[in-house]
Each structure stands twice: as C-alpha cells, then as structure tokens.
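**Student:** Take this structure first; my questions come after.
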Amino acid sequence: MTTGERQRLVAHLEMTESWLQDEVKNLSPAQLKFKMTPASWSVEEVVMHLAIAEPQYWDQFNQSLAKPVQPDFKPQATDLGMLWYGIDRTQRTTTGEARVPRDQFKDMQSAHASFTKLRGEMMQVAKDSQEDLRGRQFLTASQDLYQWFLMISTHSQRHIMQIREVKAHSNFPKE
C-alpha cells in the first residue's frame with residue numbers, strides 16, 4: 001500500500017465504525033427490532049449480519065494473504081468500484097445463508113461488541129501491515145487484497161445506509 005492508500009483505508013474503516021456506533025446508540029428495544037416489512041431486517045439484525053459477515057470476509061482476506069505475491073496480477077475491479085458498492089443501494093441482493101442473522105448473538109449489543117473487537121484487529125493491520133496487498137489476488141476474484149479490505153468497510157457502509165432507511169421509515173417507533 002502506498003501512504004495514501006493506507007490513509008484512505010484507515011479513514012474508511014474509522015468512518016464506518018463511527019457511523020455504525022452513531023446509528024445504533026440510544027435506540028430502544030422497539031426501535032432495534034422494528035422491521036419495515038415482515039421479510040426485511042431490523043436494525044438489530046443488520047448489526048448481527050455485520051458481526052457474522054465481517055469475520056468471514058476477514059478470514060478470506062487472511063487466506064488470500066497466505067498466498068504468494070503475484071507480480072503480474074492486474075485486478076479487473078477498481079478502487080472506485082469498491083467504494084461505489086458501499087454507496088449504491090439500487091442493486092439489492094440477498095446474502096448467503098452463512099451470513100443470515102439467526103441466534104448467533106443474544107442481542108444487538110453483543111453483536112456490536114464483536115464487530116468492534118474485530119474492527120480493532122483490522123485497524124491494526126491497516127495501519128501496520130507491510131504486506132503487498134496490491135500484489136495479491138483475493139482468492140480467485142477480480143480484485144486485489146487492498147480492494148477486498150476496502151470492500152469489507154464498504155460492505156458495512158452499505159448496511160449502515162440500510163439502517164438509515166429503516167430509521168427513516170414512517171412507522172419507525174418514536175421511542
């Protein structure tokens with residue numbers, strides 16, 4: 001990573017962690033459990049999803065990091081594309097079964113604590129790693145490891161926007 005890339009990655013990780021904290025603080029149990037539709041996720045479920053998905057994504061990052069550098073690897077993905085993924089909520093997809101919130105956490109607070117703990121580890125790697133993240137392909141995908149690291153943070157951003165949609169719903173509980 002260049003110095004600028006490192007700064008952008010750290011800033012994005014800090015931003016999404018802070019935004020998530022701001023979105024969920026002081027919400028009542030009724031607000032945490034409110035669903036816009038029976039099939040949609042509540043704020044609590046979104047946080048649980050993040051606490052389930054990020055460890056999986058981080059494990060995939062570390063699996064890829066164990067592979068050798070590929071000096072000729074040229075990603076098809078772009079950094080801008082990774083960032084846009086976090087902003088663009090026009091394309092909605094359903095997550096894989098392994099990332100669906102069920103009873104993995106007893107409540108939103110424990111899920112958020114798990115998320116925050118892993119973010120601390122990620123932040124340390126983002127700040128200190130001397131690994132060649134640009135020279136390593138993410139598993140068999142079209143992005144490099146720097147882009148995958150950025151995707152982890154933009155995935156959170158995407159779901160923070162989902163939380164904002166839930167909170168903006170006309171039936172969202174006032175308290």
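Each chain in the structure tokens gets a letter, A, B, ..., in the order shown, and its residues are numbered from 1; ligands are numbered from 1 in order too.
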Write out as a PyMOL selection string which residues come within 12 Å of Thr16 of chain A when counting only C-alpha atoms, dropping same-chain ones fewer than 2 positions away.

**Tutor:** chain A and resi 9-14+18-23+50+86-87+115-116+119+123+150-161

**Student:** Can you pull out every residue from segment 107-137 of chain A that DSSP, working from the backbone, puts in helix (DSSP H, G or I), and format the result as a JSON list (two decimals) with N, CA and C atoms, in the first residue's frame?

**Tutor:**
```json
[["chain", "number", "residue", "atom", "x", "y", "z"],
["A", 108, "MET", "N", -28.26, -7.16, 20.19],
["A", 108, "MET", "CA", -27.52, -6.24, 19.33],
["A", 108, "MET", "C", -26.21, -5.80, 20.00],
["A", 109, "GLN", "N", -26.24, -5.59, 21.30],
["A", 109, "GLN", "CA", -25.04, -5.12, 22.00],
["A", 109, "GLN", "C", -23.89, -6.12, 21.88],
["A", 110, "SER", "N", -24.19, -7.41, 22.02],
["A", 110, "SER", "CA", -23.12, -8.41, 21.91],
["A", 110, "SER", "C", -22.63, -8.51, 20.46],
["A", 111, "ALA", "N", -23.54, -8.36, 19.51],
["A", 111, "ALA", "CA", -23.12, -8.36, 18.09],
["A", 111, "ALA", "C", -22.24, -7.15, 17.81],
["A", 112, "HIS", "N", -22.64, -5.99, 18.31],
["A", 112, "HIS", "CA", -21.86, -4.78, 18.07],
["A", 112, "HIS", "C", -20.49, -4.87, 18.73],
["A", 113, "ALA", "N", -20.43, -5.45, 19.93],
["A", 113, "ALA", "CA", -19.14, -5.63, 20.61],
["A", 113, "ALA", "C", -18.22, -6.54, 19.80],
["A", 114, "SER", "N", -18.77, -7.59, 19.22],
["A", 114, "SER", "CA", -17.98, -8.49, 18.38],
["A", 114, "SER", "C", -17.46, -7.76, 17.15],
["A", 115, "PHE", "N", -18.34, -6.99, 16.51],
["A", 115, "PHE", "CA", -17.96, -6.19, 15.35],
["A", 115, "PHE", "C", -16.80, -5.25, 15.70],
["A", 116, "THR", "N", -16.95, -4.54, 16.82],
["A", 116, "THR", "CA", -15.95, -3.55, 17.23],
["A", 116, "THR", "C", -14.60, -4.21, 17.55],
["A", 117, "LYS", "N", -14.65, -5.36, 18.19],
["A", 117, "LYS", "CA", -13.41, -6.07, 18.53],
["A", 117, "LYS", "C", -12.65, -6.45, 17.26],
["A", 118, "LEU", "N", -13.36, -7.01, 16.28],
["A", 118, "LEU", "CA", -12.70, -7.40, 15.03],
["A", 118, "LEU", "C", -12.19, -6.17, 14.29],
["A", 119, "ARG", "N", -12.95, -5.08, 14.33],
["A", 119, "ARG", "CA", -12.50, -3.85, 13.68],
["A", 119, "ARG", "C", -11.17, -3.38, 14.27],
["A", 120, "GLY", "N", -10.98, -3.56, 15.55],
["A", 120, "GLY", "CA", -9.70, -3.21, 16.17],
["A", 120, "GLY", "C", -8.55, -3.98, 15.55],
["A", 121, "GLU", "N", -8.75, -5.27, 15.33],
["A", 121, "GLU", "CA", -7.73, -6.10, 14.69],
["A", 121, "GLU", "C", -7.49, -5.64, 13.25],
["A", 122, "MET", "N", -8.57, -5.39, 12.53],
["A", 122, "MET", "CA", -8.43, -4.93, 11.15],
["A", 122, "MET", "C", -7.69, -3.60, 11.09],
["A", 123, "MET", "N", -8.03, -2.71, 12.00],
["A", 123, "MET", "CA", -7.40, -1.39, 12.02],
["A", 123, "MET", "C", -5.90, -1.52, 12.25],
["A", 124, "GLN", "N", -5.51, -2.41, 13.14],
["A", 124, "GLN", "CA", -4.08, -2.61, 13.39],
["A", 124, "GLN", "C", -3.38, -3.08, 12.13],
["A", 125, "VAL", "N", -3.97, -4.01, 11.40],
["A", 125, "VAL", "CA", -3.38, -4.49, 10.14],
["A", 125, "VAL", "C", -3.33, -3.35, 9.12],
["A", 126, "ALA", "N", -4.41, -2.61, 9.02],
["A", 126, "ALA", "CA", -4.45, -1.50, 8.05],
["A", 126, "ALA", "C", -3.36, -0.47, 8.35],
["A", 127, "LYS", "N", -3.11, -0.22, 9.61],
["A", 127, "LYS", "CA", -2.11, 0.79, 9.99],
["A", 127, "LYS", "C", -0.68, 0.27, 9.89],
["A", 128, "ASP", "N", -0.47, -1.01, 10.17],
["A", 128, "ASP", "CA", 0.89, -1.51, 10.35],
["A", 128, "ASP", "C", 1.41, -2.47, 9.29]]
```

**Student:** Do you have the atom CA of Pro29 of chain A-atom CA of Trp41 of chain A distance handy?

**Tutor:** 14.4 Å

**Student:** Counting only C-alpha atoms, what is within 8 Å of segment 60-65 of chain A, bar same-chain residues fewer than 5 positions away, as a count of residues only?

**Tutor:** 8

**Student:** Using only C-alpha atoms for the distances, tell me which of A:Ala141, A:Ala77, A:Val43, A:Met82 is nearest to Ile163 of chain A.

**Tutor:**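 Distance minimum relative to Ile163 of chain A lands on A:Val43.
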